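Just input-v6.cif here, mmCIF, C-alpha atoms:
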data_start
loop_
_atom_site.label_atom_id
_atom_site.label_comp_id
_atom_site.auth_asym_id
_atom_site.auth_seq_id
_atom_site.Cartn_x
_atom_site.Cartn_y
_atom_site.Cartn_z
CA MET A 265 -63.81 -112.55 -50.68
CA ASP A 266 -60.09 -112.91 -50.37
CA ASN A 267 -58.86 -116.35 -51.47
CA GLN A 268 -55.33 -115.89 -50.15
CA ARG A 269 -54.54 -117.67 -46.92
CA GLN A 270 -53.43 -115.50 -44.03
CA PRO A 271 -50.37 -116.78 -42.10
CA PRO A 272 -51.14 -117.68 -38.49
CA PRO A 273 -50.38 -114.89 -36.01
CA ARG A 274 -46.92 -115.08 -34.50
CA TRP A 275 -46.72 -114.98 -30.74
CA ARG A 276 -43.99 -112.97 -29.15
CA ALA A 277 -42.14 -114.25 -26.15
CA PRO A 278 -43.11 -112.40 -22.97
CA GLU A 279 -40.77 -109.58 -22.05
CA VAL A 280 -40.99 -110.41 -18.34
CA THR A 281 -41.06 -114.00 -17.07
CA PHE A 282 -40.32 -113.35 -13.37
CA GLU A 283 -37.80 -116.20 -13.41
CA GLU A 284 -35.12 -113.86 -12.05
CA VAL A 285 -37.30 -113.09 -9.03
CA ARG A 286 -38.02 -116.78 -8.45
CA TYR A 287 -34.33 -117.69 -8.72
CA LEU A 288 -33.13 -114.94 -6.37
CA LYS A 289 -35.85 -115.81 -3.84
CA ARG A 290 -34.76 -119.47 -3.92
CA LEU A 291 -31.11 -118.49 -3.36
CA ILE A 292 -32.10 -116.30 -0.39
CA ASP A 293 -34.35 -118.95 1.17
CA ARG A 294 -31.64 -121.61 0.90
CA GLU A 295 -28.86 -119.21 1.94
CA ALA A 296 -26.95 -120.64 -0.99
CA PRO A 297 -23.36 -119.46 -1.48
CA VAL A 298 -22.98 -117.63 -4.80
CA ARG A 299 -20.20 -116.15 -6.88
CA VAL A 300 -20.98 -112.90 -8.68
CA ARG A 301 -18.95 -111.94 -11.76
CA LEU A 302 -19.04 -108.21 -12.34
CA ARG A 303 -18.76 -106.46 -15.71
CA ASN A 304 -15.15 -105.51 -14.89
CA ASN A 305 -14.45 -109.29 -14.40
CA GLU A 306 -14.01 -108.96 -10.64
CA GLU A 307 -15.57 -111.85 -8.71
CA VAL A 308 -17.08 -111.67 -5.23
CA ASP A 309 -18.44 -114.51 -3.10
CA GLY A 310 -21.19 -114.47 -0.51
CA THR A 311 -24.88 -115.08 0.01
CA ILE A 312 -27.69 -112.92 -1.30
CA GLU A 313 -29.58 -111.41 1.61
CA TYR A 314 -31.84 -108.96 -0.22
CA TYR A 315 -32.72 -107.81 -3.73
CA ASP A 316 -34.98 -105.37 -5.51
CA HIS A 317 -35.40 -104.25 -9.10
CA SER A 318 -32.03 -102.48 -9.27
CA PHE A 319 -29.57 -104.16 -6.87
CA ILE A 320 -28.71 -107.15 -4.69
CA ARG A 321 -27.18 -107.18 -1.22
CA LEU A 322 -24.36 -109.69 -0.94
CA THR A 323 -23.46 -110.79 2.59
CA ARG A 324 -19.84 -111.90 2.97
CA VAL A 325 -17.90 -113.59 5.76
CA GLY A 326 -14.84 -111.69 6.94
CA ALA A 327 -15.47 -108.80 4.53
CA PRO A 328 -17.93 -105.92 4.29
CA ASN A 329 -21.35 -106.61 2.83
CA LEU A 330 -21.93 -105.22 -0.65
CA PHE A 331 -24.82 -103.57 -2.45
CA ILE A 332 -24.29 -104.42 -6.12
CA PHE A 333 -26.29 -102.79 -8.88
CA LYS A 334 -27.74 -105.40 -11.24
CA ARG A 335 -26.49 -103.40 -14.22
CA ASP A 336 -22.93 -104.09 -12.99
CA ILE A 337 -23.43 -107.89 -12.84
CA LYS A 338 -22.28 -109.95 -15.78
CA TYR A 339 -23.62 -113.18 -14.23
CA LEU A 340 -23.89 -115.06 -10.97
CA TYR A 341 -23.97 -118.72 -10.11
CA GLU A 342 -24.38 -121.02 -7.14
CA ARG A 343 -21.11 -122.25 -5.69
CA GLN A 344 -20.70 -125.85 -4.68
CA GLU A 345 -20.25 -126.20 -0.94
CA GLY A 346 -17.29 -128.12 0.38
#
Could you take the file, read its structure, and then write that structure out as structure tokens?
Amino acid sequence: MDNQRQPPPRWRAPEVTFEEVRYLKRLIDREAPVRVRLRNNEEVDGTIEYYDHSFIRLTRVGAPNLFIFKRDIKYLYERQEG
């Protein structure tokens, strides 16, 4: 019999939490204005109309709509209206 105590197992954080999906769905449902900062530091404004696992569709007023690959996005955030 082994008298040494075994350390408790360490739990790893899940690799997929689906929070991204929930957040994008909420932005679409609310038609919330967002600003997207791209990896080249360019910023574009609009509303997210559609997304899938590799890109988002950004609808803009007075400018062409954009399909933006997620790999090209540094971050995005909700803009304050008004």
Selection under test: the PyMOL selection byres ((chain A and resi 306) around 12); residues as a PyMOL selection string: chain A and resi 299-305+307-309+336-340
Picked residues, the PyMOL selection byres ((chain A and resi 343) around 12), as an MDAnalysis selection string: chainID A and resid 291 295:300 308:311 340:342 344:346
Residue members of the PyMOL selection byres ((chain A and resi 329) around 12) in the file shown, as a PyMOL selection string: chain A and resi 308-314+320-328+330-332
Between CA of Phe319 (chain A) and CA of Arg276 (chain A), distance in Å (one decimal):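 Distance between the two atoms: 28.0 Å.
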Distance in Å - CA of Asp316 (chain A) versus CA of Glu283 (chain A):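 Result for CA of Asp316 (chain A) versus CA of Glu283 (chain A): 13.7 Å, one decimal.
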Pairwise distance for CA of Lys334 (chain A) and CA of Tyr315 (chain A), rounded to one decimal in Å: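 A separation of 9.3 Å between them.
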